[in-house]
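Listing of protein-v5.csv; format and content: CSV, C-alpha atoms.
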chain,number,residue,atom,x,y,z
A,214,ALA,CA,14.5,-0.7,-15.1
A,215,TRP,CA,15.4,1.8,-17.8
A,216,PHE,CA,15.7,4.6,-15.3
A,217,VAL,CA,16.0,3.1,-11.9
A,218,GLU,CA,17.3,-0.4,-11.0
A,219,GLY,CA,15.7,-1.6,-7.8
A,220,LYS,CA,14.3,-4.4,-5.7
A,221,SER,CA,12.5,-4.1,-2.4
A,222,ARG,CA,10.7,-6.1,0.3
A,223,ALA,CA,7.8,-4.9,2.5
A,224,VAL,CA,6.7,-6.3,5.8
A,225,ALA,CA,3.6,-5.4,7.7
A,226,GLU,CA,2.9,-6.5,11.3
A,227,GLY,CA,-0.3,-6.1,13.3
A,228,GLY,CA,-3.7,-7.6,13.4
A,229,PHE,CA,-7.4,-6.9,13.5
A,230,ASP,CA,-9.5,-5.6,16.3
A,231,GLU,CA,-12.8,-7.1,17.6
A,232,ALA,CA,-14.7,-5.1,14.9
A,233,GLY,CA,-12.4,-6.5,12.1
A,234,GLU,CA,-10.6,-3.2,11.5
A,235,ILE,CA,-6.9,-3.1,10.8
A,236,ARG,CA,-4.6,-2.6,13.8
A,237,ALA,CA,-1.2,-1.8,12.2
A,238,GLU,CA,1.8,-2.1,14.5
A,239,ARG,CA,4.9,-1.9,12.3
A,240,PHE,CA,5.7,-1.5,8.6
A,241,SER,CA,9.1,-1.7,7.0
A,242,VAL,CA,10.5,-1.6,3.5
A,243,ASP,CA,14.1,-2.4,2.6
A,244,GLY,CA,15.9,-2.8,-0.7
A,245,VAL,CA,18.4,-1.5,-3.2
A,246,TRP,CA,17.7,1.4,-5.6
A,247,ASN,CA,20.4,2.2,-8.1
A,248,GLU,CA,22.9,0.2,-6.0
A,249,GLU,CA,22.1,2.2,-2.9
A,250,ILE,CA,20.8,0.3,0.1
A,251,ARG,CA,17.7,1.9,1.6
A,252,ALA,CA,15.4,1.0,4.5
A,253,ASN,CA,12.5,2.6,6.3
A,254,ALA,CA,10.5,1.5,9.3
A,255,ILE,CA,7.5,3.0,10.9
A,256,SER,CA,5.7,1.9,14.1
A,257,PHE,CA,2.2,2.8,15.1
A,258,ALA,CA,0.7,3.5,18.5
A,259,PRO,CA,-2.5,1.6,19.6
A,260,ASP,CA,-4.6,4.6,18.5
A,261,GLY,CA,-3.1,4.4,14.9
A,262,SER,CA,-0.9,7.5,15.2
A,263,VAL,CA,2.7,7.3,14.2
A,264,ALA,CA,5.0,6.3,17.2
A,265,SER,CA,8.3,6.4,15.3
A,266,VAL,CA,9.7,6.6,11.8
A,267,ARG,CA,13.3,5.7,10.7
A,268,PHE,CA,14.9,6.0,7.3
A,269,GLU,CA,18.3,4.8,6.1
A,270,PRO,CA,19.8,6.9,4.7
A,271,PRO,CA,18.0,9.6,6.6
A,272,LEU,CA,15.1,11.3,4.7
A,273,ASP,CA,15.8,14.8,3.5
A,274,VAL,CA,12.6,16.5,4.8
A,275,THR,CA,13.2,19.6,2.6
A,276,GLU,CA,12.6,17.4,-0.6
A,277,ARG,CA,9.0,16.7,0.3
A,278,GLU,CA,5.9,18.7,1.2
A,279,PRO,CA,4.9,18.1,4.8
A,280,VAL,CA,2.2,15.6,5.8
A,281,ALA,CA,-0.4,17.0,8.2
A,282,ASP,CA,-0.6,15.3,11.6
A,283,ALA,CA,-4.2,14.2,10.8
A,284,LEU,CA,-2.9,12.2,7.9
A,285,ARG,CA,0.1,10.7,9.7
A,286,GLN,CA,-2.0,7.7,10.8
A,287,GLY,CA,-1.9,4.0,10.2
A,288,PRO,CA,-2.5,1.7,8.6
A,289,ASP,CA,0.4,1.2,6.1
A,290,PRO,CA,-0.3,0.4,2.4
A,291,LEU,CA,0.5,-3.3,2.7
A,292,SER,CA,-2.0,-3.7,5.6
A,293,ILE,CA,-4.7,-2.1,3.4
A,294,VAL,CA,-4.1,-4.7,0.7
A,295,ILE,CA,-4.4,-7.5,3.3
A,296,ALA,CA,-7.6,-5.9,4.7
A,297,ALA,CA,-9.1,-5.7,1.2
A,298,ALA,CA,-8.4,-9.4,0.5
A,299,ARG,CA,-9.8,-10.3,4.0
A,300,SER,CA,-13.1,-8.3,3.3
A,301,LEU,CA,-14.2,-10.8,0.6
A,302,PRO,CA,-16.5,-12.6,0.0
A,303,ASP,CA,-18.8,-9.7,0.9
A,304,ALA,CA,-21.3,-9.0,-1.8
A,305,ALA,CA,-19.8,-6.3,-4.0
A,306,THR,CA,-16.9,-4.9,-2.1
A,307,ASN,CA,-16.4,-1.1,-2.6
A,308,ARG,CA,-14.2,0.5,0.0
A,309,THR,CA,-11.7,3.3,0.5
A,310,ALA,CA,-8.9,3.8,3.1
A,311,GLU,CA,-6.0,6.1,3.8
A,312,SER,CA,-2.5,5.1,4.7
A,313,PHE,CA,0.8,6.6,5.7
A,314,ASP,CA,4.2,5.0,4.9
A,315,GLY,CA,6.5,7.4,6.7
A,316,LYS,CA,6.8,10.0,3.9
A,317,ARG,CA,3.6,10.2,2.0
A,318,ALA,CA,-0.2,9.8,2.7
A,319,MET,CA,-2.2,7.8,0.2
A,320,ARG,CA,-5.9,7.2,-0.4
A,321,PHE,CA,-6.8,3.8,-1.8
A,322,GLY,CA,-10.1,2.6,-3.3
A,323,TRP,CA,-11.0,-0.9,-4.3
A,324,THR,CA,-14.0,-2.4,-5.9
A,325,CYS,CA,-14.6,-6.2,-6.2
A,326,ALA,CA,-17.2,-8.0,-8.3
A,327,ALA,CA,-20.0,-9.6,-6.3
A,328,GLU,CA,-19.8,-12.8,-8.3
A,329,THR,CA,-16.9,-15.1,-9.0
A,330,GLU,CA,-15.5,-16.0,-12.3
A,331,PRO,CA,-14.0,-19.4,-13.2
A,332,PHE,CA,-10.2,-19.4,-13.5
A,333,GLU,CA,-7.6,-22.0,-14.3
A,334,ASN,CA,-3.8,-22.0,-14.5
A,335,ASP,CA,-1.0,-24.4,-13.5
A,336,VAL,CA,-1.4,-23.6,-9.8
A,337,TYR,CA,-5.1,-23.0,-9.3
A,338,ALA,CA,-8.5,-23.8,-10.8
A,339,GLY,CA,-11.7,-22.5,-9.4
A,340,PRO,CA,-13.6,-19.2,-8.7
A,341,VAL,CA,-11.9,-15.9,-8.4
A,342,TYR,CA,-13.1,-12.4,-7.5
A,343,GLU,CA,-11.8,-9.6,-9.8
A,344,CYS,CA,-10.9,-6.4,-8.0
A,345,ALA,CA,-9.8,-3.0,-9.3
A,346,VAL,CA,-7.5,-1.1,-6.9
A,347,GLU,CA,-6.7,2.6,-7.3
A,348,GLY,CA,-4.2,4.7,-5.3
A,349,GLU,CA,-3.9,8.5,-5.1
A,350,GLN,CA,-1.2,10.4,-3.2
A,351,ILE,CA,-2.8,13.1,-1.1
A,352,ALA,CA,0.2,14.5,0.9
A,353,GLY,CA,3.9,14.3,1.1
A,354,PHE,CA,4.6,15.0,-2.5
A,355,HIS,CA,8.2,15.2,-3.6
A,356,ARG,CA,8.8,18.8,-4.6
A,357,LYS,CA,10.9,18.0,-7.6
A,358,TYR,CA,8.5,15.4,-9.0
A,359,ARG,CA,5.1,16.7,-7.7
A,360,ASN,CA,3.5,17.3,-11.2
A,361,SER,CA,4.4,13.7,-12.3
A,362,ASN,CA,2.5,12.4,-9.2
A,363,LEU,CA,-0.8,14.1,-10.2
A,364,ASN,CA,-1.8,11.8,-13.0
A,365,PRO,CA,-2.9,8.6,-11.4
A,366,PRO,CA,-2.2,5.4,-13.2
A,367,ARG,CA,-5.0,3.1,-14.4
A,368,PRO,CA,-6.4,0.9,-11.7
A,369,ALA,CA,-4.5,-2.3,-10.9
A,370,ARG,CA,-6.5,-5.5,-11.4
A,371,LEU,CA,-6.3,-8.2,-8.8
A,372,TRP,CA,-7.8,-11.7,-8.9
A,373,LEU,CA,-8.4,-13.1,-5.5
A,374,ALA,CA,-9.1,-16.8,-5.0
A,375,PRO,CA,-10.6,-18.5,-1.9
A,376,VAL,CA,-8.3,-21.0,-0.2
A,377,ASP,CA,-8.3,-23.2,2.8
A,378,GLY,CA,-10.6,-21.9,5.6
A,379,GLY,CA,-12.2,-19.1,3.4
A,380,ALA,CA,-9.1,-16.9,3.3
A,381,PHE,CA,-8.1,-15.2,0.0

Just give me the structure of the file as structure tokens.
Amino acid sequence: AWFVEGKSRAVAEGGFDEAGEIRAERFSVDGVWNEEIRANAISFAPDGSVASVRFEPPLDVTEREPVADALRQGPDPLSIVIAAARSLPDAATNRTAESFDGKRAMRFGWTCAAETEPFENDVYAGPVYECAVEGEQIAGFHRKYRNSNLNPPRPARLWLAPVDGGAF
């Protein structure tokens, strides 16, 4: 918040195919950044390719390096998080996936422990799976900030707990 004041909301729509793979249909993000209202929406064709992309205000394509057509594929980043949580309680979960959000392509990797740990707070008590999630931008770099995007942050740590019906 020292440099950029912002809030956003992301929504992913779609489902899973018969093999349990992500079938992304739509992804949108809206919010306010430095008092400017922004929104983007992307829809995916049944084969996972991009059907449409919309940005408000319109995206200045000269600010970013282009994303190759082969990387302009679903799913979106939020669907990948949902799929990661859904893949538990496989033994040790170690997966990678690529996503496209309308302006950049990302590669995500996550590793989850095979065993649960006991956990307790004001809302939940029981077993949790600890997962490490890493993301790396692979295309669509902002030309002005490209070098700052090359040093990936430390992995995010997620703790996922089983709830009703075996979901996480």

Separation of atom CA of A:Ser221 from atom CA of A:Trp246 in Å: 8.2 Å

When you look at A:Trp372 with a cut-off of 7 Å (counting only C-alpha atoms), what residues show up, excluding the ones that are within fewer than 6 positions of it in the same chain? I need them as a ChimeraX atom specification. /A:341-344

Find the residues near A:Lys316: any atom within 9 Å, counting only C-alpha atoms, skip ones fewer than 5 places away on the same chain, and give them as a count of residues only. 9

Of the listed residues A:Thr309, A:Ser256, A:Asn334, A:Ser292, that which approaches A:Gly322 most closely, counting all atoms listed in the file: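 Among the listed residues, the smallest separation from A:Gly322 belongs to A:Thr309.
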
Rounded to one decimal in Å, what is the spacing between atom CA of A:Glu278 and atom CA of A:Arg239?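 The value is 23.4 Å.
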
Using all atoms listed in the file, determine which residues lie at most 7 Å from A:Glu269, disregarding the query and same-chain residues fewer than 2 positions distant; provide the list as a list in words. Arg251, Ala252, Asn253, Arg267 and Pro271 of chain A

Let me make sure I understand: among A:Leu291, A:Ala318, A:Val217, A:Val263, which one has the smallest atom-to-atom distance to A:Val242 if we use only C-alpha atoms? A:Leu291

Distance criterion (only C-alpha atoms): nearest to A:Thr329 out of A:Arg222, A:Leu284, A:Pro375, A:Val266: A:Pro375

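The coordinates place atom CA of A:Phe240 at 17.1 Å from atom CA of A:Ala297.
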
Distance criterion (only C-alpha atoms): nearest to A:Ser265 out of A:Asp243, A:Glu226, A:Glu248, A:Asp314: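 Counting only C-alpha atoms, the residue closest to A:Ser265 is A:Asp314.
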
Which residue, A:Ile351, A:Met319, A:Glu311, A:Arg299, has the smallest gap to A:Val376 when you use all atoms listed in the file?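 The shortest atom-to-atom distance to A:Val376 comes from A:Arg299.
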
Which residues come within 10 Å of A:Gly219, counting all atoms listed in the file, excluding same-chain residues fewer than 5 positions away, as a VMD selection string? chain A and resid 214 244 to 250

So which one's closest to A:Thr324, A:Pro259, A:Pro340, A:Pro368, A:Pro288? Using only C-alpha atoms, please.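 Distance minimum relative to A:Thr324 lands on A:Pro368.
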
Excluding A:Ser241 and any residue of its chain fewer than 5 positions from it, enumerate the residues within 7 Å of it, using all atoms listed in the file, and give them as a PyMOL selection string. chain A and resi 223-225+253-255
